[in-house]
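*Asks:* What follows is work_27.txt, compact mmCIF, C-alpha atoms.
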```txt
# COMPACT_ATOMS: atom_id res chain seq x y z
CA MET A 109 23.48 -38.44 36.58
CA LEU A 110 20.03 -39.86 35.88
CA PHE A 111 18.58 -37.51 38.48
CA ALA A 112 20.32 -34.54 36.84
CA SER A 113 19.00 -35.61 33.43
CA LEU A 114 15.49 -35.93 34.78
CA LEU A 115 15.79 -32.49 36.34
CA LEU A 116 16.96 -31.04 33.04
CA PHE A 117 14.15 -32.82 31.18
CA GLY A 118 11.64 -31.43 33.63
CA ALA A 119 13.10 -27.95 33.28
CA SER A 120 12.98 -28.06 29.47
CA CYS A 121 9.36 -29.22 29.52
CA SER A 122 8.29 -26.44 31.84
CA ASN A 123 10.14 -23.95 29.62
CA SER A 124 7.59 -24.46 26.89
CA PRO A 125 4.98 -21.71 26.89
CA TYR A 126 2.47 -24.39 25.87
CA ALA A 127 3.18 -26.79 28.74
CA PHE A 128 -0.30 -26.13 30.14
CA LEU A 129 -2.03 -27.58 27.05
CA GLN A 130 -3.66 -31.00 27.10
CA LYS A 131 -3.28 -33.17 24.04
CA THR A 132 -6.64 -34.23 22.72
CA GLU A 133 -8.18 -35.75 19.61
CA MET A 134 -10.53 -33.39 17.80
CA ASN A 135 -12.26 -33.05 14.47
CA LYS A 136 -9.78 -31.19 12.29
CA GLU A 137 -12.34 -30.54 9.56
CA CYS A 138 -13.89 -27.68 11.51
CA LEU A 139 -10.65 -25.77 11.10
CA ARG A 140 -10.77 -26.18 7.35
CA SER A 141 -14.20 -24.51 7.48
CA LEU A 142 -12.58 -21.52 9.26
CA LYS A 143 -10.10 -20.93 6.46
CA PRO A 144 -10.92 -17.40 5.25
CA VAL A 145 -13.00 -17.04 2.10
CA TYR A 146 -12.40 -13.75 0.31
CA THR A 147 -12.11 -12.13 -3.08
CA SER A 148 -10.48 -8.80 -2.32
CA VAL A 149 -9.90 -7.00 0.98
CA LEU A 150 -8.24 -3.64 1.63
CA TYR A 151 -6.56 -2.89 4.97
CA LYS A 152 -5.27 0.36 6.42
CA THR A 153 -1.93 -0.75 7.70
CA SER A 154 0.53 0.54 10.21
CA VAL A 155 3.96 -0.97 10.84
CA ASP A 156 6.31 -0.23 13.75
CA VAL A 157 9.83 -1.58 13.46
CA VAL A 158 12.46 -0.75 16.08
CA GLY A 159 11.40 2.86 16.55
CA LYS A 160 10.42 3.47 12.92
CA HIS A 161 6.81 3.94 11.89
CA LEU A 162 5.39 3.22 8.46
CA SER A 163 1.79 3.30 7.28
CA GLY A 164 0.05 2.33 4.07
CA LEU A 165 -2.56 0.20 2.37
CA LEU A 166 -2.50 -3.57 2.09
CA ILE A 167 -4.65 -5.27 -0.51
CA VAL A 168 -5.27 -9.02 -0.26
CA LYS A 169 -6.74 -10.58 -3.37
CA LYS A 170 -7.68 -14.13 -4.29
CA MET A 171 -6.79 -14.76 -7.93
CA GLU A 172 -8.69 -17.01 -10.37
CA ASP A 173 -5.93 -19.66 -10.29
CA GLY A 174 -6.39 -20.02 -6.50
CA SER A 175 -3.25 -18.07 -5.58
CA SER A 176 -3.37 -15.04 -3.27
CA ARG A 177 -1.68 -11.74 -3.99
CA ILE A 178 -0.75 -9.29 -1.24
CA VAL A 179 0.30 -5.81 -2.31
CA PHE A 180 1.46 -3.09 0.10
CA SER A 181 1.67 0.53 -0.99
CA ASN A 182 1.83 3.83 0.81
CA GLU A 183 -1.29 6.03 1.00
CA MET A 184 -0.08 8.05 -1.99
CA GLY A 185 0.04 4.98 -4.20
CA LEU A 186 3.71 4.01 -4.21
CA THR A 187 4.04 0.21 -4.20
CA PHE A 188 6.42 -1.25 -1.62
CA PHE A 189 5.93 -4.95 -2.32
CA ASP A 190 3.81 -7.42 -4.28
CA PHE A 191 3.82 -11.03 -3.02
CA GLU A 192 2.21 -14.17 -4.38
CA PHE A 193 1.18 -17.08 -2.15
CA PHE A 194 0.14 -20.40 -3.65
CA GLU A 195 -0.18 -23.36 -1.27
CA ASN A 196 3.41 -23.82 -0.03
CA GLU A 197 4.95 -21.53 -2.61
CA PHE A 198 5.86 -17.92 -2.07
CA ARG A 199 7.08 -15.52 -4.75
CA VAL A 200 8.26 -11.95 -4.51
CA LEU A 201 6.89 -10.28 -7.64
CA TYR A 202 8.07 -6.81 -6.69
CA CYS A 203 9.83 -5.29 -3.72
CA ILE A 204 11.63 -1.99 -3.23
CA LYS A 205 15.35 -2.31 -2.49
CA LYS A 206 15.04 -1.10 1.11
CA LEU A 207 12.78 -4.03 2.05
CA ASN A 208 14.33 -6.60 -0.28
CA ARG A 209 16.36 -8.40 2.37
CA THR A 210 16.11 -12.07 3.27
CA VAL A 211 15.32 -11.45 6.97
CA VAL A 212 12.58 -8.93 6.18
CA LEU A 213 11.06 -11.03 3.39
CA ARG A 214 11.05 -14.18 5.53
CA ALA A 215 9.32 -12.36 8.41
CA LEU A 216 6.73 -10.83 6.07
CA GLN A 217 6.13 -14.19 4.36
CA LYS A 218 5.48 -15.87 7.72
CA ASP A 219 3.28 -13.09 9.06
CA LEU A 220 1.17 -12.74 5.94
CA SER A 221 0.80 -16.48 5.37
CA MET A 222 -0.68 -16.65 8.89
CA LEU A 223 -3.19 -13.97 7.91
CA ILE A 224 -4.43 -15.87 4.85
CA GLN A 225 -3.65 -19.32 6.32
CA SER A 226 -1.60 -20.31 3.32
CA GLY A 227 0.40 -23.53 3.15
CA TYR A 228 -1.11 -25.37 6.13
CA ASN A 229 -1.64 -29.09 5.70
CA TYR A 230 -4.76 -29.76 7.73
CA ARG A 231 -4.16 -33.53 7.83
CA ASP A 232 -0.91 -33.16 9.80
CA LEU A 233 -2.35 -31.00 12.55
CA GLN A 234 -2.00 -31.95 16.20
CA THR A 235 -4.76 -30.88 18.52
CA TYR A 236 -4.69 -29.57 22.09
CA ARG A 237 -7.06 -27.81 24.44
CA SER A 238 -6.97 -25.41 27.34
CA ASP A 239 -9.93 -24.37 29.53
CA SER A 240 -10.96 -21.63 27.11
CA PHE A 241 -9.51 -22.49 23.70
CA LEU A 242 -8.77 -25.22 21.17
CA TYR A 243 -5.24 -25.28 19.74
CA TYR A 244 -4.57 -26.71 16.28
CA ALA A 245 -0.81 -27.10 15.96
CA TYR A 246 0.90 -27.17 12.59
CA LEU A 247 4.52 -28.34 12.86
CA ASP A 248 7.08 -26.90 10.49
CA GLY A 249 10.59 -28.09 11.31
CA ASN A 250 11.56 -26.76 14.74
CA GLU A 251 8.71 -24.28 14.77
CA THR A 252 4.99 -24.63 15.33
CA THR A 253 2.04 -22.50 14.31
CA TYR A 254 -0.97 -22.68 16.63
CA LEU A 255 -4.36 -21.80 15.17
CA ILE A 256 -6.48 -21.02 18.23
CA THR A 257 -10.28 -21.13 18.26
CA ASP A 258 -13.05 -20.96 20.85
CA THR A 259 -13.93 -24.30 22.48
CA ASN A 260 -16.66 -24.96 19.89
CA CYS A 261 -14.32 -24.23 16.98
CA THR A 262 -16.69 -21.60 15.57
CA GLU A 263 -14.22 -18.72 15.21
CA LEU A 264 -10.48 -18.34 14.78
CA GLN A 265 -9.39 -15.97 17.54
CA ARG A 266 -5.62 -15.99 17.57
CA ILE A 267 -2.62 -17.45 15.78
CA GLU A 268 0.70 -18.01 17.50
CA HIS A 269 4.02 -18.96 16.03
CA ALA A 270 6.55 -20.48 18.40
CA THR A 271 9.68 -22.51 18.88
CA LYS A 272 9.77 -25.21 21.56
CA ARG A 273 10.91 -22.65 24.12
CA LYS A 274 9.22 -19.39 23.29
CA ARG A 275 6.48 -17.62 21.42
CA LYS A 276 7.85 -15.73 18.44
CA VAL A 277 4.76 -14.09 16.94
CA ILE A 278 1.24 -13.52 18.27
CA VAL A 279 -1.52 -12.61 15.81
CA ASN A 280 -4.73 -11.31 17.36
CA LEU A 281 -7.81 -11.35 15.14
CA THR A 282 -11.03 -9.43 15.56
CA ASP A 283 -14.28 -10.56 13.91
CA ALA A 284 -12.65 -13.23 11.79
CA GLY A 285 -15.98 -14.76 10.74
CA ARG A 286 -15.85 -16.61 7.40
CA GLY A 287 -13.80 -13.98 5.57
CA LEU A 288 -10.62 -12.19 6.49
CA PRO A 289 -10.75 -10.54 9.96
CA ASP A 290 -11.89 -6.92 10.42
CA SER A 291 -8.74 -6.11 12.29
CA VAL A 292 -5.46 -7.89 12.87
CA TYR A 293 -2.57 -7.17 15.20
CA ILE A 294 0.68 -9.02 14.54
CA ALA A 295 3.16 -8.69 17.40
CA HIS A 296 6.66 -10.15 17.22
CA GLN A 297 7.91 -11.17 20.65
CA GLY A 298 11.34 -10.11 21.86
CA PHE A 299 11.83 -7.18 19.52
CA GLU A 300 9.66 -4.34 18.27
CA PHE A 301 8.07 -5.36 15.00
CA ASN A 302 4.31 -4.90 15.05
CA ILE A 303 1.83 -4.76 12.20
CA ALA A 304 -1.74 -3.44 12.69
CA LEU A 305 -4.36 -3.95 9.99
CA LYS A 306 -7.85 -2.41 9.90
CA LYS A 307 -10.28 -3.30 7.14
CA ILE A 308 -11.40 -0.40 4.93
CA GLU A 309 -14.95 -0.57 3.58
CA ARG A 310 -15.00 0.36 -0.10
CA MET B 51 -26.29 -6.25 -42.45
CA LEU B 52 -25.34 -2.88 -43.91
CA ARG B 53 -27.95 -1.26 -41.71
CA THR B 54 -26.53 -2.97 -38.61
CA ASN B 55 -23.02 -1.82 -39.46
CA LEU B 56 -24.23 1.72 -39.99
CA PHE B 57 -26.03 1.62 -36.65
CA VAL B 58 -22.87 0.38 -34.85
CA ALA B 59 -20.80 3.05 -36.61
CA LEU B 60 -23.23 5.74 -35.49
CA LEU B 61 -23.09 4.44 -31.95
CA LEU B 62 -19.29 4.55 -31.99
CA LEU B 63 -19.09 8.00 -33.55
CA PRO B 64 -19.13 9.97 -30.28
CA LEU B 65 -16.30 7.76 -28.96
CA VAL B 66 -14.19 8.35 -32.06
CA THR B 67 -14.77 12.10 -31.85
CA PHE B 68 -13.90 12.05 -28.15
CA SER B 69 -10.66 10.13 -28.64
CA GLN B 70 -9.63 12.45 -31.47
CA LYS B 71 -10.07 15.42 -29.16
CA ASN B 72 -7.81 13.73 -26.62
CA THR B 73 -5.16 12.59 -29.02
CA PHE B 74 -1.85 14.11 -28.05
CA GLN B 75 0.70 15.22 -30.61
CA PRO B 76 4.06 16.94 -30.18
CA VAL B 77 3.50 20.59 -29.32
CA LYS B 78 3.95 22.86 -32.35
CA ASP B 79 5.98 25.58 -30.68
CA GLU B 80 7.70 24.18 -27.59
CA ALA B 81 9.71 27.32 -26.81
CA SER B 82 6.55 29.41 -26.75
CA PHE B 83 4.78 26.80 -24.57
CA ARG B 84 7.67 26.72 -22.09
CA MET B 85 7.62 30.51 -21.81
CA LYS B 86 3.83 30.64 -21.40
CA PHE B 87 3.89 27.81 -18.85
CA SER B 88 6.69 29.37 -16.79
CA GLU B 89 4.95 32.76 -16.85
CA ALA B 90 1.66 31.21 -15.70
CA ALA B 91 3.41 29.20 -12.96
CA ALA B 92 5.19 32.36 -11.74
CA LYS B 93 1.81 34.05 -11.24
CA ILE B 94 0.46 31.24 -9.05
CA ASN B 95 1.28 31.72 -5.37
CA THR B 96 -1.31 29.43 -3.83
CA ILE B 97 -3.62 26.63 -5.01
CA GLN B 98 -6.50 25.00 -3.19
CA ALA B 99 -8.25 22.01 -4.74
CA ASP B 100 -10.12 18.78 -4.18
CA PHE B 101 -8.34 15.69 -5.41
CA LEU B 102 -9.28 12.20 -6.47
CA GLN B 103 -6.57 9.55 -6.32
CA GLU B 104 -6.89 6.31 -8.27
CA LYS B 105 -4.29 3.63 -7.73
CA ASN B 106 -4.50 1.08 -10.54
CA LEU B 107 -3.12 -2.38 -9.83
CA THR B 108 -3.09 -3.72 -13.37
CA VAL B 109 -2.46 -7.45 -12.88
CA LEU B 110 -4.83 -7.59 -9.93
CA ASP B 111 -7.46 -5.70 -11.91
CA GLU B 112 -8.05 -3.56 -8.84
CA LYS B 113 -8.52 0.15 -8.33
CA ILE B 114 -8.08 1.86 -4.95
CA VAL B 115 -9.89 5.20 -4.95
CA SER B 116 -9.33 7.85 -2.32
CA LYS B 117 -10.31 11.50 -2.01
CA GLY B 118 -9.13 14.55 -0.20
CA LYS B 119 -8.14 18.19 -0.19
CA PHE B 120 -4.98 19.77 -1.54
CA TRP B 121 -3.24 23.06 -0.69
CA PHE B 122 -0.07 24.50 -2.16
CA LYS B 123 1.82 27.66 -1.26
CA LYS B 124 4.97 29.04 -2.76
CA LEU B 125 7.70 28.19 -1.96
CA ASN B 126 7.75 24.48 -1.20
CA MET B 127 4.65 24.08 0.96
CA VAL B 128 2.06 21.37 0.28
CA ARG B 129 -0.74 19.94 2.39
CA MET B 130 -2.62 16.83 1.25
CA GLU B 131 -5.45 15.74 3.50
CA TYR B 132 -7.06 12.39 2.65
CA THR B 133 -10.60 12.23 3.92
CA ASN B 134 -12.13 9.16 2.29
CA PRO B 135 -12.08 6.13 2.67
CA TYR B 136 -9.28 6.68 5.18
CA LYS B 137 -7.81 9.66 7.03
CA TYR B 138 -4.22 10.58 6.29
CA LEU B 139 -2.35 13.86 6.30
CA MET B 140 0.87 14.65 4.45
CA VAL B 141 2.47 18.07 4.79
CA ILE B 142 5.62 19.27 3.04
CA ASN B 143 7.21 22.39 4.45
CA GLN B 144 10.53 23.21 2.80
CA ASP B 145 12.76 20.17 3.32
CA LYS B 146 10.58 18.57 5.97
CA MET B 147 7.71 16.15 5.49
CA THR B 148 5.18 15.40 8.23
CA ILE B 149 2.85 12.43 8.03
CA LYS B 150 -0.08 11.94 10.34
CA ASP B 151 -1.98 8.66 10.26
CA ASP B 152 -4.38 7.04 12.72
CA ALA B 153 -1.55 6.02 15.00
CA LYS B 154 1.23 8.58 14.83
CA THR B 155 2.59 11.90 13.64
CA THR B 156 6.03 11.54 12.07
CA THR B 157 8.24 14.36 10.85
CA MET B 158 11.15 13.50 8.61
CA SER B 159 13.85 15.54 7.00
CA SER B 160 14.17 14.82 3.31
CA ARG B 161 17.96 15.17 3.65
CA SER B 162 18.06 12.03 5.76
CA ASN B 163 15.64 10.09 3.55
CA LYS B 164 16.39 9.85 -0.17
CA LEU B 165 12.99 8.40 -1.17
CA LEU B 166 11.27 11.16 0.71
CA GLU B 167 13.45 13.74 -0.96
CA TYR B 168 12.41 12.44 -4.40
CA VAL B 169 8.70 12.28 -3.57
CA ASN B 170 8.88 15.74 -2.02
CA LYS B 171 10.68 17.16 -5.04
CA ILE B 172 8.35 15.53 -7.59
CA ILE B 173 5.20 16.87 -5.94
CA ILE B 174 6.64 20.36 -5.55
CA ASP B 175 8.11 20.40 -9.09
CA CYS B 176 4.83 19.25 -10.57
CA VAL B 177 2.53 21.72 -8.83
CA GLN B 178 5.01 24.58 -8.92
CA GLY B 179 5.58 24.10 -12.66
CA THR B 180 9.34 23.65 -12.27
CA ALA B 181 9.26 20.00 -13.43
CA ILE B 182 9.60 21.17 -17.02
CA ASP B 183 13.09 22.53 -16.28
CA SER B 184 14.12 19.80 -13.82
CA LYS B 185 17.36 17.96 -14.56
CA ASP B 186 15.85 14.85 -12.94
CA PHE B 187 13.61 14.24 -15.97
CA ALA B 188 13.76 14.05 -19.73
CA VAL B 189 10.68 16.05 -20.74
CA LYS B 190 8.51 15.59 -23.83
CA VAL B 191 5.74 18.14 -24.43
CA LEU B 192 2.58 17.06 -26.26
CA GLU B 193 -0.77 18.75 -26.77
CA SER B 194 -4.39 18.01 -27.57
CA GLU B 195 -7.19 20.45 -28.19
CA LYS B 196 -7.72 21.21 -24.50
CA GLN B 197 -4.62 20.02 -22.71
CA TYR B 198 -0.86 19.92 -22.71
CA LEU B 199 0.82 16.71 -21.66
CA LEU B 200 4.26 16.73 -20.10
CA GLU B 201 5.79 13.25 -20.26
CA LEU B 202 8.51 13.13 -17.65
CA ALA B 203 10.97 10.25 -17.88
CA PRO B 204 13.20 9.95 -14.80
CA VAL B 205 16.89 10.27 -15.61
CA LYS B 206 18.38 9.18 -12.27
CA LYS B 207 18.66 5.46 -11.51
CA GLU B 208 17.34 6.03 -7.96
CA LEU B 209 14.16 7.59 -9.33
CA ARG B 210 13.71 4.91 -11.97
CA GLU B 211 13.42 2.33 -9.18
CA PHE B 212 10.10 3.90 -8.18
CA PHE B 213 8.78 5.58 -11.32
CA SER B 214 8.96 4.58 -14.97
CA ALA B 215 7.27 7.83 -16.02
CA ILE B 216 5.25 10.74 -14.66
CA ASN B 217 2.64 12.34 -16.88
CA LEU B 218 1.31 15.82 -16.16
CA PHE B 219 -1.89 16.85 -17.89
CA ILE B 220 -2.16 20.63 -18.00
CA ASP B 221 -5.37 22.52 -18.62
CA LYS B 222 -4.84 24.93 -21.54
CA SER B 223 -7.40 27.37 -20.14
CA ASP B 224 -5.36 28.24 -17.03
CA ASN B 225 -2.05 26.34 -17.50
CA SER B 226 -2.53 24.50 -14.21
CA VAL B 227 -2.04 20.78 -13.53
CA GLN B 228 -5.33 18.95 -13.99
CA ARG B 229 -4.06 15.38 -13.63
CA MET B 230 -0.83 13.81 -12.52
CA GLU B 231 -0.15 10.17 -13.37
CA MET B 232 2.70 8.33 -11.67
CA LYS B 233 3.66 5.14 -13.50
CA GLU B 234 5.59 2.48 -11.64
CA PRO B 235 8.09 -0.05 -13.06
CA ASN B 236 5.75 -2.99 -12.30
CA GLY B 237 3.01 -1.56 -14.53
CA ASP B 238 0.89 -0.08 -11.73
CA SER B 239 0.03 3.59 -11.76
CA THR B 240 -1.53 6.27 -9.59
CA LEU B 241 -3.62 9.03 -11.11
CA PHE B 242 -4.32 12.25 -9.19
CA THR B 243 -7.13 14.44 -10.58
CA PHE B 244 -7.38 17.99 -9.22
CA MET B 245 -10.82 19.63 -9.18
CA ASN B 246 -12.48 22.84 -7.99
CA LYS B 247 -9.18 24.71 -8.09
CA ILE B 248 -8.90 28.11 -6.41
CA PHE B 249 -5.81 30.18 -7.18
CA ASN B 250 -4.00 32.82 -5.15
CA GLU B 251 -6.31 32.91 -2.15
CA SER B 252 -4.31 33.63 0.99
CA ILE B 253 -3.27 30.56 3.04
CA PRO B 254 -1.43 31.32 6.30
CA ASP B 255 1.96 29.61 6.76
CA PRO B 256 0.98 27.81 10.02
CA PHE B 257 -1.49 25.82 7.89
CA PHE B 258 1.57 23.89 6.69
CA VAL B 259 2.68 23.02 10.21
CA VAL B 260 1.27 19.89 11.90
CA ARG B 261 0.95 20.02 15.66
```
Re-express the file's structure as structure tokens.

*Replies:*
Amino acid sequence: MLFASLLLFGASCSNSPYAFLQKTEMNKECLRSLKPVYTSVLYKTSVDVVGKHLSGLLIVKKMEDGSSRIVFSNEMGLTFFDFEFFENEFRVLYCIKKLNRTVVLRALQKDLSMLIQSGYNYRDLQTYRSDSFLYYAYLDGNETTYLITDTNCTELQRIEHATKRKRKVIVNLTDAGRGLPDSVYIAHQGFEFNIALKKIER
Amino acid sequence: MLRTNLFVALLLLPLVTFSQKNTFQPVKDEASFRMKFSEAAAKINTIQADFLQEKNLTVLDEKIVSKGKFWFKKLNMVRMEYTNPYKYLMVINQDKMTIKDDAKTTTMSSRSNKLLEYVNKIIIDCVQGTAIDSKDFAVKVLESEKQYLLELAPVKKELREFFSAINLFIDKSDNSVQRMEMKEPNGDSTLFTFMNKIFNESIPDPFFVVR
């Protein structure tokens, strides 16, 4: 019985896609310095959901009260949604009926809060390392968000959202720098729901 | 003090004159306008123009400006090619709409997509001049010295979800649409301004097919 339990324990540990990480103590402040600083950024956006393709413009704006607004419209100006993020709070200010469903809104909230790094408590982070990256893990119930930087913690390169057993979302960032990244690719694992963002210079 | 006030008043004078010129009042003879407008629209078979699109996000105090080229051919053919600051192509050919962005070309039938059907119909009705007789809108006709203004209030609930009003500014000199303003329920709006218009120059049908 004990042997079987140990076997099962071993199996569940190796099931984790992050089993290769080594726990380590690191300075968490560097991550705070990588939180994007921005006033207003416009992205050309393309969304693929289970065989359907949608494109448009996504504007991300930091408001005077510290909140962030994210508005998505099609290229011809029709607004699809208008979201407000403020620390741990999320509000839907406008959303067309077709998208106004709990599952869709929850997925968009998670994806977009990863983009602007909203609602993360930097004190509660756990830190890990691999050969090539540093992993800052933010635990939220049964799920974890990993903010992944280079080994010197100079640039955020990827964000992953996972349960204990599998990766759910992978966000690849290009040229993150101090502001919002130049391009972003959000890929949901297990089903086709991908969002590609490319910064538009105005 | 009096001198300062006079100076300020003189400075403001051009603005006052300008706004008076653009003040819209109910059209004096609506029946005559409708006839003139329909006659002018009937004579237009094709339009080519440059357009400027300004999306105003009121609460965000943001404006997204894009530019492109516009083609229209009777009946029911429109091509809008965005060139700056992003590339995007939208073609309406009868009841089909094709969209080409950086990633994909997608053709949809408006019969299977209600939103698309509305957008398709609004664009066609506005440029073709049939919006004035459309049952989808309650129409109010106003005029200023140089323009007519058609205030279109959507009647159908499905349309009101997307638009609170559509305003068409029509140039009195040629009775063509100069500006089209789409107002959304959340207070945002998109203004299309059409410039360098060329009328009735031949445009081959395949121009409205995306390959």

*Asks:* Counting all atoms listed in the file, a student should be able to say which residues of chain B come within 8 Å of chain A; what is the right answer, written as a compact mmCIF listing (two decimals) with C-alpha atoms, in the coordinates of the input?

*Replies:*
```
# COMPACT_ATOMS: atom_id res chain seq x y z
CA GLN B 103 -6.57 9.55 -6.32
CA LYS B 105 -4.29 3.63 -7.73
CA LEU B 110 -4.83 -7.59 -9.93
CA PRO B 135 -12.08 6.13 2.67
CA TYR B 136 -9.28 6.68 5.18
CA TYR B 138 -4.22 10.58 6.29
CA ASP B 151 -1.98 8.66 10.26
CA ALA B 153 -1.55 6.02 15.00
CA LYS B 154 1.23 8.58 14.83
CA THR B 156 6.03 11.54 12.07
CA GLU B 211 13.42 2.33 -9.18
CA PHE B 212 10.10 3.90 -8.18
CA GLU B 234 5.59 2.48 -11.64
CA ASN B 236 5.75 -2.99 -12.30
CA SER B 239 0.03 3.59 -11.76
CA THR B 240 -1.53 6.27 -9.59
```

*Asks:* At what distance in Å, to one decimal, does atom CA of Asn196 of chain A lie from atom CA of Cys261 of chain A?

*Replies:*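 It comes out at 24.6 Å.
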
*Asks:* Hey, which of B:Asp175, B:Pro254, B:Gln197, B:Asn126 ends up closest to Ile216 of chain B? Count only C-alpha atoms.

*Replies:* B:Asp175

*Asks:* Hey, can you check how far atom CA of Asn229 of chain A sits from atom CA of Asn280 of chain A?

*Replies:* 21.5 Å

*Asks:* Can you pull out every residue within 9 Å of Ser223 of chain B, counting all atoms listed in the file, but drop anything in the same chain fewer than 3 positions away, and send it as a ChimeraX atom specification?

*Replies:* /B:196-197,220,226

*Asks:* Mind giving me the straight-line distance from atom CA of Val157 of chain A to atom CA of Val277 of chain A in Å, one decimal?

*Replies:* 13.9 Å

*Asks:* For Val189 of chain B, which residue among B:Lys233, B:Leu107, B:Pro76, B:Val227 is the nearest when counting all atoms listed in the file?

*Replies:* B:Pro76

*Asks:* Please provide as number ranges by chain all residues within 9 Å of Ala181 of chain B, with the sequence filter that same-chain residues fewer than 5 positions apart are discarded (counting only C-alpha atoms).

*Replies:* B: 171-172, 174-176, 186-187, 189, 200, 202

*Asks:* Can you pull out every residue within 8 Å of Val260 of chain B, counting all atoms listed in the file, but drop anything in the same chain fewer than 3 positions away, and send it as a count of residues only?

*Replies:* 3

*Asks:* Using all atoms listed in the file, find the one residue out of B:Ser194, B:Thr155, B:Asn95, B:Asn143 that sits nearest to Val77 of chain B.

*Replies:*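 Among the listed residues, the smallest separation from Val77 of chain B belongs to B:Ser194.
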
*Asks:* Measuring between all atoms listed in the file, which one of A:Gln297, A:Thr259, A:Gln265, A:Ser124 shows the shortest distance to Thr235 of chain A?

*Replies:*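 Closest candidate: A:Thr259.
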
*Asks:* Skipping near chain neighbours, those fewer than 2 positions away, what residues fall within 9 Å of Met245 of chain B using all atoms listed in the file, listed as a PyMOL selection string?

*Replies:* chain B and resi 99-102+228+243+247
